[in-house]
>>> print(open('work.pdb').read())   # PDB, C-alpha atoms and all ligand atoms
ATOM      1  CA  MET A  26    -303.364  16.790-131.806  1.00  0.00           C
ATOM      2  CA  ALA A  27    -302.566  20.365-131.067  1.00  0.00           C
ATOM      3  CA  ARG A  28    -301.000  21.015-127.710  1.00  0.00           C
ATOM      4  CA  ARG A  29    -302.897  23.293-125.363  1.00  0.00           C
ATOM      5  CA  ARG A  30    -301.065  26.499-124.536  1.00  0.00           C
ATOM      6  CA  ILE A  31    -300.016  26.948-120.896  1.00  0.00           C
ATOM      7  CA  ILE A  32    -299.220  30.382-119.475  1.00  0.00           C
ATOM      8  CA  ALA A  33    -297.913  30.219-115.909  1.00  0.00           C
ATOM      9  CA  GLY A  34    -296.940  33.050-113.610  1.00  0.00           C
ATOM     10  CA  ASN A  35    -294.078  32.441-111.211  1.00  0.00           C
ATOM     11  CA  TRP A  36    -294.723  35.042-108.535  1.00  0.00           C
ATOM     12  CA  LYS A  37    -291.475  34.155-106.714  1.00  0.00           C
ATOM     13  CA  MET A  38    -291.124  35.791-103.250  1.00  0.00           C
ATOM     14  CA  ASN A  39    -293.232  38.806-103.977  1.00  0.00           C
ATOM     15  CA  LYS A  40    -296.770  39.022-102.627  1.00  0.00           C
ATOM     16  CA  THR A  41    -298.080  38.938 -99.063  1.00  0.00           C
ATOM     17  CA  PRO A  42    -301.328  36.982 -98.689  1.00  0.00           C
ATOM     18  CA  SER A  43    -303.472  40.122 -98.843  1.00  0.00           C
ATOM     19  CA  GLU A  44    -301.516  41.489-101.817  1.00  0.00           C
ATOM     20  CA  ALA A  45    -301.925  38.099-103.509  1.00  0.00           C
ATOM     21  CA  VAL A  46    -305.707  38.263-103.181  1.00  0.00           C
ATOM     22  CA  GLU A  47    -305.655  41.809-104.574  1.00  0.00           C
ATOM     23  CA  LEU A  48    -303.592  40.677-107.560  1.00  0.00           C
ATOM     24  CA  CYS A  49    -306.076  37.878-108.269  1.00  0.00           C
ATOM     25  CA  ALA A  50    -308.870  40.458-108.320  1.00  0.00           C
ATOM     26  CA  THR A  51    -306.878  42.763-110.629  1.00  0.00           C
ATOM     27  CA  LEU A  52    -306.155  39.942-113.083  1.00  0.00           C
ATOM     28  CA  LYS A  53    -309.487  38.140-112.919  1.00  0.00           C
ATOM     29  CA  ASP A  54    -311.107  39.532-116.072  1.00  0.00           C
ATOM     30  CA  LEU A  55    -307.817  40.066-117.909  1.00  0.00           C
ATOM     31  CA  VAL A  56    -306.820  36.374-117.898  1.00  0.00           C
ATOM     32  CA  LYS A  57    -310.124  34.964-119.101  1.00  0.00           C
ATOM     33  CA  ASN A  58    -309.388  32.619-121.987  1.00  0.00           C
ATOM     34  CA  ASP A  59    -310.785  29.109-122.118  1.00  0.00           C
ATOM     35  CA  ALA A  60    -308.372  28.054-124.866  1.00  0.00           C
ATOM     36  CA  VAL A  61    -305.338  28.432-122.593  1.00  0.00           C
ATOM     37  CA  ASP A  62    -304.270  26.842-119.305  1.00  0.00           C
ATOM     38  CA  VAL A  63    -303.579  29.713-116.910  1.00  0.00           C
ATOM     39  CA  VAL A  64    -301.614  29.008-113.723  1.00  0.00           C
ATOM     40  CA  TYR A  65    -300.512  31.172-110.806  1.00  0.00           C
ATOM     41  CA  CYS A  66    -297.513  29.648-109.046  1.00  0.00           C
ATOM     42  CA  VAL A  67    -297.424  31.421-105.721  1.00  0.00           C
ATOM     43  CA  PRO A  68    -295.453  31.496-102.447  1.00  0.00           C
ATOM     44  CA  ALA A  69    -296.512  28.801 -99.975  1.00  0.00           C
ATOM     45  CA  ILE A  70    -298.228  31.209 -97.609  1.00  0.00           C
ATOM     46  CA  ASP A  71    -300.345  32.579-100.455  1.00  0.00           C
ATOM     47  CA  ILE A  72    -301.641  29.200-101.627  1.00  0.00           C
ATOM     48  CA  VAL A  73    -304.741  28.955 -99.423  1.00  0.00           C
ATOM     49  CA  PRO A  74    -306.036  32.491-100.061  1.00  0.00           C
ATOM     50  CA  VAL A  75    -305.202  32.313-103.786  1.00  0.00           C
ATOM     51  CA  VAL A  76    -307.011  28.966-104.223  1.00  0.00           C
ATOM     52  CA  GLN A  77    -310.018  30.651-102.628  1.00  0.00           C
ATOM     53  CA  ALA A  78    -309.662  33.794-104.750  1.00  0.00           C
ATOM     54  CA  VAL A  79    -309.572  31.941-108.096  1.00  0.00           C
ATOM     55  CA  LYS A  80    -312.424  29.553-107.322  1.00  0.00           C
ATOM     56  CA  GLY A  81    -314.893  29.407-110.204  1.00  0.00           C
ATOM     57  CA  THR A  82    -312.424  30.999-112.664  1.00  0.00           C
ATOM     58  CA  ASN A  83    -310.226  29.466-115.376  1.00  0.00           C
ATOM     59  CA  VAL A  84    -307.088  29.832-113.229  1.00  0.00           C
ATOM     60  CA  SER A  85    -305.245  26.893-111.622  1.00  0.00           C
ATOM     61  CA  VAL A  86    -302.835  27.262-108.735  1.00  0.00           C
ATOM     62  CA  GLY A  87    -299.256  26.032-108.587  1.00  0.00           C
ATOM     63  CA  ALA A  88    -296.622  25.960-105.874  1.00  0.00           C
ATOM     64  CA  GLU A  89    -293.040  27.158-106.215  1.00  0.00           C
ATOM     65  CA  ASN A  90    -291.403  24.475-104.094  1.00  0.00           C
ATOM     66  CA  PHE A  91    -291.945  21.369-101.958  1.00  0.00           C
ATOM     67  CA  TYR A  92    -290.003  18.557-100.310  1.00  0.00           C
ATOM     68  CA  ILE A  93    -289.962  14.896-101.360  1.00  0.00           C
ATOM     69  CA  GLU A  94    -291.145  13.320 -98.080  1.00  0.00           C
ATOM     70  CA  ASP A  95    -294.837  13.128 -97.140  1.00  0.00           C
ATOM     71  CA  LYS A  96    -294.390  14.167 -93.522  1.00  0.00           C
ATOM     72  CA  GLY A  97    -291.998  14.207 -90.596  1.00  0.00           C
ATOM     73  CA  ALA A  98    -289.141  16.144 -89.078  1.00  0.00           C
ATOM     74  CA  PHE A  99    -288.310  18.486 -91.964  1.00  0.00           C
ATOM     75  CA  THR A 100    -288.552  21.914 -90.368  1.00  0.00           C
ATOM     76  CA  GLY A 101    -289.682  24.609 -92.737  1.00  0.00           C
ATOM     77  CA  GLU A 102    -290.694  22.292 -95.551  1.00  0.00           C
ATOM     78  CA  ILE A 103    -294.020  21.596 -97.251  1.00  0.00           C
ATOM     79  CA  SER A 104    -295.082  18.204 -98.645  1.00  0.00           C
ATOM     80  CA  ALA A 105    -296.894  17.159-101.802  1.00  0.00           C
ATOM     81  CA  PRO A 106    -299.943  15.891 -99.832  1.00  0.00           C
ATOM     82  CA  MET A 107    -300.180  19.289 -98.129  1.00  0.00           C
ATOM     83  CA  LEU A 108    -300.151  21.030-101.510  1.00  0.00           C
ATOM     84  CA  LYS A 109    -302.741  18.627-102.953  1.00  0.00           C
ATOM     85  CA  ASP A 110    -305.025  19.072 -99.975  1.00  0.00           C
ATOM     86  CA  ALA A 111    -304.795  22.853-100.330  1.00  0.00           C
ATOM     87  CA  GLY A 112    -305.950  22.662-103.960  1.00  0.00           C
ATOM     88  CA  VAL A 113    -302.612  22.964-105.774  1.00  0.00           C
ATOM     89  CA  GLU A 114    -302.417  21.447-109.263  1.00  0.00           C
ATOM     90  CA  TYR A 115    -298.957  22.386-110.609  1.00  0.00           C
ATOM     91  CA  ILE A 116    -295.504  22.453-109.042  1.00  0.00           C
ATOM     92  CA  ILE A 117    -292.418  24.260-110.341  1.00  0.00           C
ATOM     93  CA  ILE A 118    -289.314  22.065-110.065  1.00  0.00           C
ATOM     94  CA  GLY A 119    -285.702  22.968-110.783  1.00  0.00           C
ATOM     95  CA  GLN A 120    -286.234  26.688-111.319  1.00  0.00           C
ATOM     96  CA  SER A 121    -282.797  28.305-111.673  1.00  0.00           C
ATOM     97  CA  GLU A 122    -283.077  30.234-108.404  1.00  0.00           C
ATOM     98  CA  ARG A 123    -283.693  26.963-106.530  1.00  0.00           C
ATOM     99  CA  ARG A 124    -280.694  25.448-108.271  1.00  0.00           C
ATOM    100  CA  ASP A 125    -278.327  28.408-107.838  1.00  0.00           C
ATOM    101  CA  ILE A 126    -279.326  30.046-104.540  1.00  0.00           C
ATOM    102  CA  PHE A 127    -280.609  26.980-102.664  1.00  0.00           C
ATOM    103  CA  GLY A 128    -278.216  24.428-104.113  1.00  0.00           C
ATOM    104  CA  GLU A 129    -280.759  21.999-105.566  1.00  0.00           C
ATOM    105  CA  ASN A 130    -279.016  19.505-107.829  1.00  0.00           C
ATOM    106  CA  ASP A 131    -280.329  17.222-110.555  1.00  0.00           C
ATOM    107  CA  ILE A 132    -280.532  14.232-108.203  1.00  0.00           C
ATOM    108  CA  LEU A 133    -282.960  16.056-105.904  1.00  0.00           C
ATOM    109  CA  ILE A 134    -284.785  17.554-108.878  1.00  0.00           C
ATOM    110  CA  ASN A 135    -285.291  14.068-110.333  1.00  0.00           C
ATOM    111  CA  GLN A 136    -286.644  12.869-106.979  1.00  0.00           C
ATOM    112  CA  LYS A 137    -289.015  15.830-106.936  1.00  0.00           C
ATOM    113  CA  VAL A 138    -290.316  15.077-110.449  1.00  0.00           C
ATOM    114  CA  LYS A 139    -290.981  11.470-109.404  1.00  0.00           C
ATOM    115  CA  LYS A 140    -292.655  12.525-106.171  1.00  0.00           C
ATOM    116  CA  ALA A 141    -294.808  15.118-107.915  1.00  0.00           C
ATOM    117  CA  PHE A 142    -296.152  12.547-110.386  1.00  0.00           C
ATOM    118  CA  ALA A 143    -296.673   9.970-107.643  1.00  0.00           C
ATOM    119  CA  SER A 144    -298.654  12.569-105.693  1.00  0.00           C
ATOM    120  CA  GLY A 145    -300.831  13.747-108.555  1.00  0.00           C
ATOM    121  CA  LEU A 146    -299.140  17.130-108.959  1.00  0.00           C
ATOM    122  CA  LYS A 147    -298.212  18.317-112.457  1.00  0.00           C
ATOM    123  CA  PRO A 148    -294.545  19.270-112.636  1.00  0.00           C
ATOM    124  CA  ILE A 149    -293.245  22.289-114.507  1.00  0.00           C
ATOM    125  CA  LEU A 150    -289.621  21.191-114.869  1.00  0.00           C
ATOM    126  CA  CYS A 151    -287.194  24.039-115.506  1.00  0.00           C
ATOM    127  CA  CYS A 152    -283.875  23.905-117.319  1.00  0.00           C
ATOM    128  CA  GLY A 153    -281.564  26.477-118.817  1.00  0.00           C
ATOM    129  CA  GLU A 154    -278.022  27.703-119.173  1.00  0.00           C
ATOM    130  CA  SER A 155    -275.951  30.505-117.673  1.00  0.00           C
ATOM    131  CA  LEU A 156    -274.543  33.359-119.710  1.00  0.00           C
ATOM    132  CA  ALA A 157    -271.080  31.750-119.540  1.00  0.00           C
ATOM    133  CA  LEU A 158    -272.373  28.511-121.079  1.00  0.00           C
ATOM    134  CA  ARG A 159    -274.300  30.441-123.728  1.00  0.00           C
ATOM    135  CA  LYS A 160    -271.127  32.357-124.659  1.00  0.00           C
ATOM    136  CA  ALA A 161    -269.014  29.208-124.615  1.00  0.00           C
ATOM    137  CA  GLY A 162    -271.465  27.597-127.034  1.00  0.00           C
ATOM    138  CA  THR A 163    -271.959  24.552-124.795  1.00  0.00           C
ATOM    139  CA  TYR A 164    -275.526  25.382-123.743  1.00  0.00           C
ATOM    140  CA  LYS A 165    -277.124  22.540-125.665  1.00  0.00           C
ATOM    141  CA  GLU A 166    -274.950  19.907-123.986  1.00  0.00           C
ATOM    142  CA  TRP A 167    -275.744  21.462-120.607  1.00  0.00           C
ATOM    143  CA  ILE A 168    -279.490  21.363-121.149  1.00  0.00           C
ATOM    144  CA  LYS A 169    -279.324  17.816-122.495  1.00  0.00           C
ATOM    145  CA  ARG A 170    -277.518  16.764-119.351  1.00  0.00           C
ATOM    146  CA  GLN A 171    -280.096  18.468-117.133  1.00  0.00           C
ATOM    147  CA  ILE A 172    -283.027  16.815-118.936  1.00  0.00           C
ATOM    148  CA  THR A 173    -281.348  13.391-118.951  1.00  0.00           C
ATOM    149  CA  TRP A 174    -280.769  13.496-115.185  1.00  0.00           C
ATOM    150  CA  ASP A 175    -284.068  15.124-114.284  1.00  0.00           C
ATOM    151  CA  LEU A 176    -286.177  12.619-116.238  1.00  0.00           C
ATOM    152  CA  ASP A 177    -284.292   9.494-115.162  1.00  0.00           C
ATOM    153  CA  GLY A 178    -286.900   6.792-114.449  1.00  0.00           C
ATOM    154  CA  ILE A 179    -289.834   8.898-115.645  1.00  0.00           C
ATOM    155  CA  THR A 180    -292.288   6.919-117.782  1.00  0.00           C
ATOM    156  CA  LYS A 181    -293.715   7.837-121.157  1.00  0.00           C
ATOM    157  CA  ASP A 182    -297.186   8.337-119.661  1.00  0.00           C
ATOM    158  CA  GLN A 183    -295.711  10.761-117.163  1.00  0.00           C
ATOM    159  CA  VAL A 184    -293.711  12.673-119.755  1.00  0.00           C
ATOM    160  CA  MET A 185    -296.852  13.129-121.805  1.00  0.00           C
ATOM    161  CA  ASN A 186    -298.270  15.075-118.859  1.00  0.00           C
ATOM    162  CA  LEU A 187    -295.098  17.026-118.161  1.00  0.00           C
ATOM    163  CA  VAL A 188    -294.449  20.705-118.746  1.00  0.00           C
ATOM    164  CA  ILE A 189    -290.816  21.647-119.397  1.00  0.00           C
ATOM    165  CA  ALA A 190    -289.773  25.280-119.096  1.00  0.00           C
ATOM    166  CA  TYR A 191    -286.683  26.444-120.945  1.00  0.00           C
ATOM    167  CA  GLU A 192    -285.436  29.468-119.082  1.00  0.00           C
ATOM    168  CA  PRO A 193    -281.999  30.770-120.024  1.00  0.00           C
ATOM    169  CA  ILE A 194    -280.603  32.219-116.796  1.00  0.00           C
ATOM    170  CA  TRP A 195    -279.159  35.224-118.618  1.00  0.00           C
ATOM    171  CA  ALA A 196    -282.684  36.228-119.622  1.00  0.00           C
ATOM    172  CA  ILE A 197    -284.318  35.922-116.186  1.00  0.00           C
ATOM    173  CA  GLY A 198    -285.228  39.234-114.603  1.00  0.00           C
ATOM    174  CA  THR A 199    -282.652  40.990-116.761  1.00  0.00           C
ATOM    175  CA  GLY A 200    -284.934  42.513-119.352  1.00  0.00           C
ATOM    176  CA  GLU A 201    -282.865  40.634-121.915  1.00  0.00           C
ATOM    177  CA  THR A 202    -285.087  38.136-123.719  1.00  0.00           C
ATOM    178  CA  ALA A 203    -283.857  35.313-125.854  1.00  0.00           C
ATOM    179  CA  THR A 204    -284.883  36.020-129.414  1.00  0.00           C
ATOM    180  CA  ALA A 205    -287.783  33.927-130.633  1.00  0.00           C
ATOM    181  CA  ASP A 206    -285.313  31.967-132.788  1.00  0.00           C
ATOM    182  CA  GLN A 207    -282.938  31.329-129.865  1.00  0.00           C
ATOM    183  CA  ALA A 208    -285.845  30.150-127.702  1.00  0.00           C
ATOM    184  CA  GLU A 209    -287.277  27.970-130.465  1.00  0.00           C
ATOM    185  CA  GLU A 210    -283.886  26.381-131.151  1.00  0.00           C
ATOM    186  CA  VAL A 211    -283.659  25.023-127.605  1.00  0.00           C
ATOM    187  CA  CYS A 212    -287.356  24.159-127.251  1.00  0.00           C
ATOM    188  CA  ARG A 213    -287.142  22.162-130.473  1.00  0.00           C
ATOM    189  CA  MET A 214    -283.995  20.424-129.249  1.00  0.00           C
ATOM    190  CA  ILE A 215    -285.791  19.449-126.026  1.00  0.00           C
ATOM    191  CA  ARG A 216    -288.699  18.025-128.024  1.00  0.00           C
ATOM    192  CA  GLU A 217    -286.271  16.034-130.175  1.00  0.00           C
ATOM    193  CA  MET A 218    -284.649  14.716-127.015  1.00  0.00           C
ATOM    194  CA  ILE A 219    -288.024  13.522-125.747  1.00  0.00           C
ATOM    195  CA  ALA A 220    -288.565  11.768-129.090  1.00  0.00           C
ATOM    196  CA  ASP A 221    -285.199  10.013-128.684  1.00  0.00           C
ATOM    197  CA  MET A 222    -285.705   9.121-125.010  1.00  0.00           C
ATOM    198  CA  TYR A 223    -289.362   8.040-125.460  1.00  0.00           C
ATOM    199  CA  ASP A 224    -291.064   8.254-128.853  1.00  0.00           C
ATOM    200  CA  ALA A 225    -292.759  10.603-131.309  1.00  0.00           C
ATOM    201  CA  GLU A 226    -296.082  10.460-129.459  1.00  0.00           C
ATOM    202  CA  ALA A 227    -294.449  11.601-126.213  1.00  0.00           C
ATOM    203  CA  ALA A 228    -292.573  14.378-128.029  1.00  0.00           C
ATOM    204  CA  GLU A 229    -295.809  15.554-129.614  1.00  0.00           C
ATOM    205  CA  ALA A 230    -297.584  15.648-126.245  1.00  0.00           C
ATOM    206  CA  VAL A 231    -295.007  17.224-123.927  1.00  0.00           C
ATOM    207  CA  ARG A 232    -295.585  20.943-123.451  1.00  0.00           C
ATOM    208  CA  ILE A 233    -292.562  23.227-123.552  1.00  0.00           C
ATOM    209  CA  GLN A 234    -292.572  26.771-122.215  1.00  0.00           C
ATOM    210  CA  TYR A 235    -290.146  29.611-122.625  1.00  0.00           C
ATOM    211  CA  GLY A 236    -289.265  31.700-119.546  1.00  0.00           C
ATOM    212  CA  GLY A 237    -287.061  34.764-119.269  1.00  0.00           C
ATOM    213  CA  SER A 238    -288.278  38.376-119.455  1.00  0.00           C
ATOM    214  CA  MET A 239    -291.370  37.363-121.379  1.00  0.00           C
ATOM    215  CA  ASN A 240    -293.733  40.330-121.470  1.00  0.00           C
ATOM    216  CA  ALA A 241    -296.747  41.806-123.211  1.00  0.00           C
ATOM    217  CA  ALA A 242    -294.564  43.133-126.034  1.00  0.00           C
ATOM    218  CA  ASN A 243    -292.618  39.995-126.931  1.00  0.00           C
ATOM    219  CA  ALA A 244    -295.043  37.190-126.002  1.00  0.00           C
ATOM    220  CA  ALA A 245    -296.871  36.896-129.318  1.00  0.00           C
ATOM    221  CA  GLU A 246    -293.680  36.398-131.317  1.00  0.00           C
ATOM    222  CA  LEU A 247    -292.244  33.829-128.882  1.00  0.00           C
ATOM    223  CA  LEU A 248    -295.544  31.956-128.713  1.00  0.00           C
ATOM    224  CA  SER A 249    -295.867  31.867-132.496  1.00  0.00           C
ATOM    225  CA  LYS A 250    -292.968  29.387-132.670  1.00  0.00           C
ATOM    226  CA  PRO A 251    -294.003  25.773-133.295  1.00  0.00           C
ATOM    227  CA  ASP A 252    -292.179  24.261-130.313  1.00  0.00           C
ATOM    228  CA  ILE A 253    -293.024  26.969-127.765  1.00  0.00           C
ATOM    229  CA  ASP A 254    -296.286  25.977-126.096  1.00  0.00           C
ATOM    230  CA  GLY A 255    -296.424  28.631-123.429  1.00  0.00           C
ATOM    231  CA  GLY A 256    -294.527  30.779-120.986  1.00  0.00           C
ATOM    232  CA  LEU A 257    -293.243  30.755-117.422  1.00  0.00           C
ATOM    233  CA  ILE A 258    -293.418  34.384-116.492  1.00  0.00           C
ATOM    234  CA  GLY A 259    -291.793  36.098-113.523  1.00  0.00           C
ATOM    235  CA  GLY A 260    -291.887  39.904-113.375  1.00  0.00           C
ATOM    236  CA  ALA A 261    -294.724  40.411-115.857  1.00  0.00           C
ATOM    237  CA  SER A 262    -296.956  37.920-114.006  1.00  0.00           C
ATOM    238  CA  LEU A 263    -297.351  40.471-111.198  1.00  0.00           C
ATOM    239  CA  LYS A 264    -298.865  43.091-113.478  1.00  0.00           C
ATOM    240  CA  PRO A 265    -301.957  43.516-115.660  1.00  0.00           C
ATOM    241  CA  ASP A 266    -299.581  42.746-118.568  1.00  0.00           C
ATOM    242  CA  PHE A 267    -300.031  39.085-117.639  1.00  0.00           C
ATOM    243  CA  GLY A 268    -303.492  39.246-119.184  1.00  0.00           C
ATOM    244  CA  GLN A 269    -301.986  40.366-122.491  1.00  0.00           C
ATOM    245  CA  ILE A 270    -299.573  37.425-122.416  1.00  0.00           C
ATOM    246  CA  VAL A 271    -302.440  34.989-121.760  1.00  0.00           C
ATOM    247  CA  ASN A 272    -304.299  36.418-124.735  1.00  0.00           C
ATOM    248  CA  ALA A 273    -301.257  36.929-127.010  1.00  0.00           C
TER     249      ALA A 273
HETATM  250  P1  LIG A 301    -288.736  36.842-115.493  1.00  0.00           P
HETATM  251  O1  LIG A 301    -289.955  36.740-116.352  1.00  0.00           O
HETATM  252  O2  LIG A 301    -288.862  37.854-114.391  1.00  0.00           O
HETATM  253  O3  LIG A 301    -287.488  37.017-116.303  1.00  0.00           O
HETATM  254  O4  LIG A 301    -288.582  35.428-114.733  1.00  0.00           O
HETATM  255  C1  LIG A 301    -288.685  34.252-115.454  1.00  0.00           C
HETATM  256  C2  LIG A 301    -288.563  33.106-114.538  1.00  0.00           C
HETATM  257  O5  LIG A 301    -287.688  33.002-113.725  1.00  0.00           O
HETATM  258  C3  LIG A 301    -289.586  32.096-114.624  1.00  0.00           C
HETATM  259  O6  LIG A 301    -289.370  31.087-113.685  1.00  0.00           O
END
>>> encode(input="work.pdb", output="C-alpha cells")
Amino acid sequence: MARRRIIAGNWKMNKTPSEAVELCATLKDLVKNDAVDVVYCVPAIDIVPVVQAVKGTNVSVGAENFYIEDKGAFTGEISAPMLKDAGVEYIIIGQSERRDIFGENDILINQKVKKAFASGLKPILCCGESLALRKAGTYKEWIKRQITWDLDGITKDQVMNLVIAYEPIWAIGTGETATADQAEEVCRMIREMIADMYDAEAAEAVRIQYGGSMNAANAAELLSKPDIDGGLIGGASLKPDFGQIVNA
C-alpha cells in the first residue's frame, strides 16, 4: 500500500498568535490537497488560535514540544493531555534544536515517544547528524544509534503510525540542502533499520520525511525519491512557498 505523503511545517519560535492566524489565512487556499497530510507545528501559545483558524480545512495542528508528565509542578511545561484537549494531533520530538540548545538526550526523547503514543498524539521523531559527523563519514552509525535509543520499547503497531524526520543539522536553516541522493540514502537506511528491528510490514508503513532547507525549488526532486514520504519544513513553512511544497 502506498504511503500517504506528509508535509509538515515547523514554525519554530516565529509567529505571535495574531501573526499565526494571518499566516493560516495566507496559506489556506495554497495548501489545499486532499492527497497529502498537511500539518502546522506551531509554538505553544499559537496552538489554540491556529486550531480555530484551520477548522474545516485539510490542515492538522502539531506542537513543537511537551513534557512527559500529565500534570504537576513543572513550571513552564505543557503536557500531552493539554495538547490533546486543545486539538493537537502531531508532536515533534527530538528536533535538533531541542537536542542541541535545550540538552534533550535520547533517554528523554524515548520517554517522549512513549508518552506521545500513550496519549494519542502522533510523534514526528527527528534524527540527523552534524556537519562534523557527515565529514567524518560516521553519520550512518550516529543515526542508527539515535533511532535504536529513541524507539526502545516501541511496539510494531506504534511504529506503523510513526513519522520519522531525517534532518541533517548542516542543512537546517543554512540554505544548504542535502542532495536528493544524500537524503534518500539515509531515509532508505532508516527504513531498512525498521525492517530489521520490526518487520517488512512495519518498514513499509513507517513514513519518513526529509528536513533541511526544503523549499519550493527543491521539494519535487526530494519527494520523488522512493523512501522520502514528505518533508519537515522550517523557513519555507512561513511563506506562501509552503503551498508549492504541499503540491510538489
Ligand atoms: P529549515 O527548513 O529552515 O532548514 O528547517 C528544517 C527543520 O529544522 C525542520 O525541523
>>> residues_near_ligand(input="work.pdb", ligand="ligand LIG 301 (chain A)", cutoff="6 Å", atoms="all atoms listed in the file", output="list of chain:residue names")
A:Asn35, A:Gln120, A:Ala196, A:Ile197, A:Gly198, A:Gly236, A:Gly237, A:Ser238, A:Met239, A:Leu257, A:Ile258, A:Gly259, A:Gly260
>>> write_last_selection(input="work.pdb", atoms="C-alpha atoms", output="short mmCIF file (atom, residue, chain, number, x, y, z; two decimals), in the coordinates of the input")
data_model
loop_
_atom_site.label_atom_id
_atom_site.label_comp_id
_atom_site.auth_asym_id
_atom_site.auth_seq_id
_atom_site.Cartn_x
_atom_site.Cartn_y
_atom_site.Cartn_z
CA ASN A 35 -294.08 32.44 -111.21
CA GLN A 120 -286.23 26.69 -111.32
CA ALA A 196 -282.68 36.23 -119.62
CA ILE A 197 -284.32 35.92 -116.19
CA GLY A 198 -285.23 39.23 -114.60
CA GLY A 236 -289.26 31.70 -119.55
CA GLY A 237 -287.06 34.76 -119.27
CA SER A 238 -288.28 38.38 -119.46
CA MET A 239 -291.37 37.36 -121.38
CA LEU A 257 -293.24 30.76 -117.42
CA ILE A 258 -293.42 34.38 -116.49
CA GLY A 259 -291.79 36.10 -113.52
CA GLY A 260 -291.89 39.90 -113.38
#
>>> residues_around(input="work.pdb", residues="Ala27 in chain A", least_positions_apart="4", cutoff="10 Å", atoms="only C-alpha atoms", output="compact mmCIF listing (two decimals) with C-alpha atoms, in the frame of the given file")
# COMPACT_ATOMS: atom_id res chain seq x y z
CA GLU A 229 -295.81 15.55 -129.61
CA ALA A 230 -297.58 15.65 -126.24
CA ASP A 254 -296.29 25.98 -126.10
>>> residues_around(input="work.pdb", residues="Arg216 in chain A", least_positions_apart="5", cutoff="8 Å", atoms="all atoms listed in the file", output="list in words")
Ala228, Glu229, Val231, Ile233 and Asp252 of chain A
>>> residues_around(input="work.pdb", residues="Met218 in chain A", least_positions_apart="3", cutoff="9 Å", atoms="all atoms listed in the file", output="number ranges by chain")
A: 169, 172-173, 213-215, 221-223, 228
>>> atom_distance(input="work.pdb", atom1="CA of Ser104 in chain A", atom2="CA of Asp175 in chain A")
19.4 Å
>>> closest_residue(input="work.pdb", among="A:Pro193, A:Gly178, A:Gly119, A:Gly81", to="Ser155 in chain A", atoms="all atoms listed in the file")
A:Pro193
>>> closest_residue(input="work.pdb", among="A:Gln136, A:Thr82, A:Ser262, A:Thr204", to="Leu248 in chain A", atoms="all atoms listed in the file")
A:Thr204
>>> resolve_selection(input="work.pdb", expression="the PyMOL selection byres (((chain A and resi 138) around 10) and not hetatm)", output="PDB file with C-alpha atoms, in the coordinates of the input")
ATOM      1  CA  ILE A  93    -289.962  14.896-101.360  1.00  0.00           C
ATOM      2  CA  ILE A 116    -295.504  22.453-109.042  1.00  0.00           C
ATOM      3  CA  ILE A 117    -292.418  24.260-110.341  1.00  0.00           C
ATOM      4  CA  ILE A 118    -289.314  22.065-110.065  1.00  0.00           C
ATOM      5  CA  GLY A 119    -285.702  22.968-110.783  1.00  0.00           C
ATOM      6  CA  LEU A 133    -282.960  16.056-105.904  1.00  0.00           C
ATOM      7  CA  ILE A 134    -284.785  17.554-108.878  1.00  0.00           C
ATOM      8  CA  ASN A 135    -285.291  14.068-110.333  1.00  0.00           C
ATOM      9  CA  GLN A 136    -286.644  12.869-106.979  1.00  0.00           C
ATOM     10  CA  LYS A 137    -289.015  15.830-106.936  1.00  0.00           C
ATOM     11  CA  LYS A 139    -290.981  11.470-109.404  1.00  0.00           C
ATOM     12  CA  LYS A 140    -292.655  12.525-106.171  1.00  0.00           C
ATOM     13  CA  ALA A 141    -294.808  15.118-107.915  1.00  0.00           C
ATOM     14  CA  PHE A 142    -296.152  12.547-110.386  1.00  0.00           C
ATOM     15  CA  ALA A 143    -296.673   9.970-107.643  1.00  0.00           C
ATOM     16  CA  SER A 144    -298.654  12.569-105.693  1.00  0.00           C
ATOM     17  CA  LEU A 146    -299.140  17.130-108.959  1.00  0.00           C
ATOM     18  CA  LYS A 147    -298.212  18.317-112.457  1.00  0.00           C
ATOM     19  CA  PRO A 148    -294.545  19.270-112.636  1.00  0.00           C
ATOM     20  CA  ILE A 149    -293.245  22.289-114.507  1.00  0.00           C
ATOM     21  CA  LEU A 150    -289.621  21.191-114.869  1.00  0.00           C
ATOM     22  CA  ASP A 175    -284.068  15.124-114.284  1.00  0.00           C
ATOM     23  CA  LEU A 176    -286.177  12.619-116.238  1.00  0.00           C
ATOM     24  CA  ASP A 177    -284.292   9.494-115.162  1.00  0.00           C
ATOM     25  CA  GLY A 178    -286.900   6.792-114.449  1.00  0.00           C
ATOM     26  CA  ILE A 179    -289.834   8.898-115.645  1.00  0.00           C
ATOM     27  CA  GLN A 183    -295.711  10.761-117.163  1.00  0.00           C
ATOM     28  CA  LEU A 187    -295.098  17.026-118.161  1.00  0.00           C
TER      29      LEU A 187
END
>>> atom_distance(input="work.pdb", atom1="CA of Gly200 in chain A", atom2="CA of Cys212 in chain A")
20.1 Å
>>> closest_residue(input="work.pdb", among="A:Leu48, A:Cys151, A:Ile72, A:Leu247", to="Arg123 in chain A", atoms="all atoms listed in the file")
A:Cys151
>>> atom_distance(input="work.pdb", atom1="CA of Val113 in chain A", atom2="CA of Val56 in chain A")
18.6 Å
>>> resolve_selection(input="work.pdb", expression="the PyMOL selection byres (((chain A and resi 153) around 8) and not hetatm)", output="PyMOL selection string")
chain A and resi 121+151-152+154-155+164+167-168+191-194
>>> resolve_selection(input="work.pdb", expression="the PyMOL selection byres (((chain A and resi 51) around 12) and not hetatm)", output="count of residues only")
22
>>> closest_residue(input="work.pdb", among="A:Ala261, A:Ile132, A:Gln234, A:Ala69", to="Met107 in chain A", atoms="only C-alpha atoms")
A:Ala69
>>> residues_near_point(input="work.pdb", point="(-289.3, 37.2, -131.2)", cutoff="9 Å", atoms="only C-alpha atoms", output="PyMOL selection string")
chain A and resi 202-208+243-250
>>> closest_residue(input="work.pdb", among="A:Gly101, A:Gly112, A:Gly256, A:Gly128", to="Val84 in chain A", atoms="only C-alpha atoms")
A:Gly112
>>> decode(input="work.pdb", residues="range 93-100 of chain A", atoms="C-alpha atoms", output="compact mmCIF listing (two decimals), in the first residue's frame")
# COMPACT_ATOMS: atom_id res chain seq x y z
CA ILE A 93 6.31 13.61 29.75
CA GLU A 94 4.19 14.09 32.90
CA ASP A 95 0.43 14.66 32.75
CA LYS A 96 0.33 17.42 35.35
CA GLY A 97 2.04 18.85 38.40
CA ALA A 98 4.86 21.11 39.49
CA PHE A 99 6.71 21.51 36.18
CA THR A 100 6.84 25.27 35.74
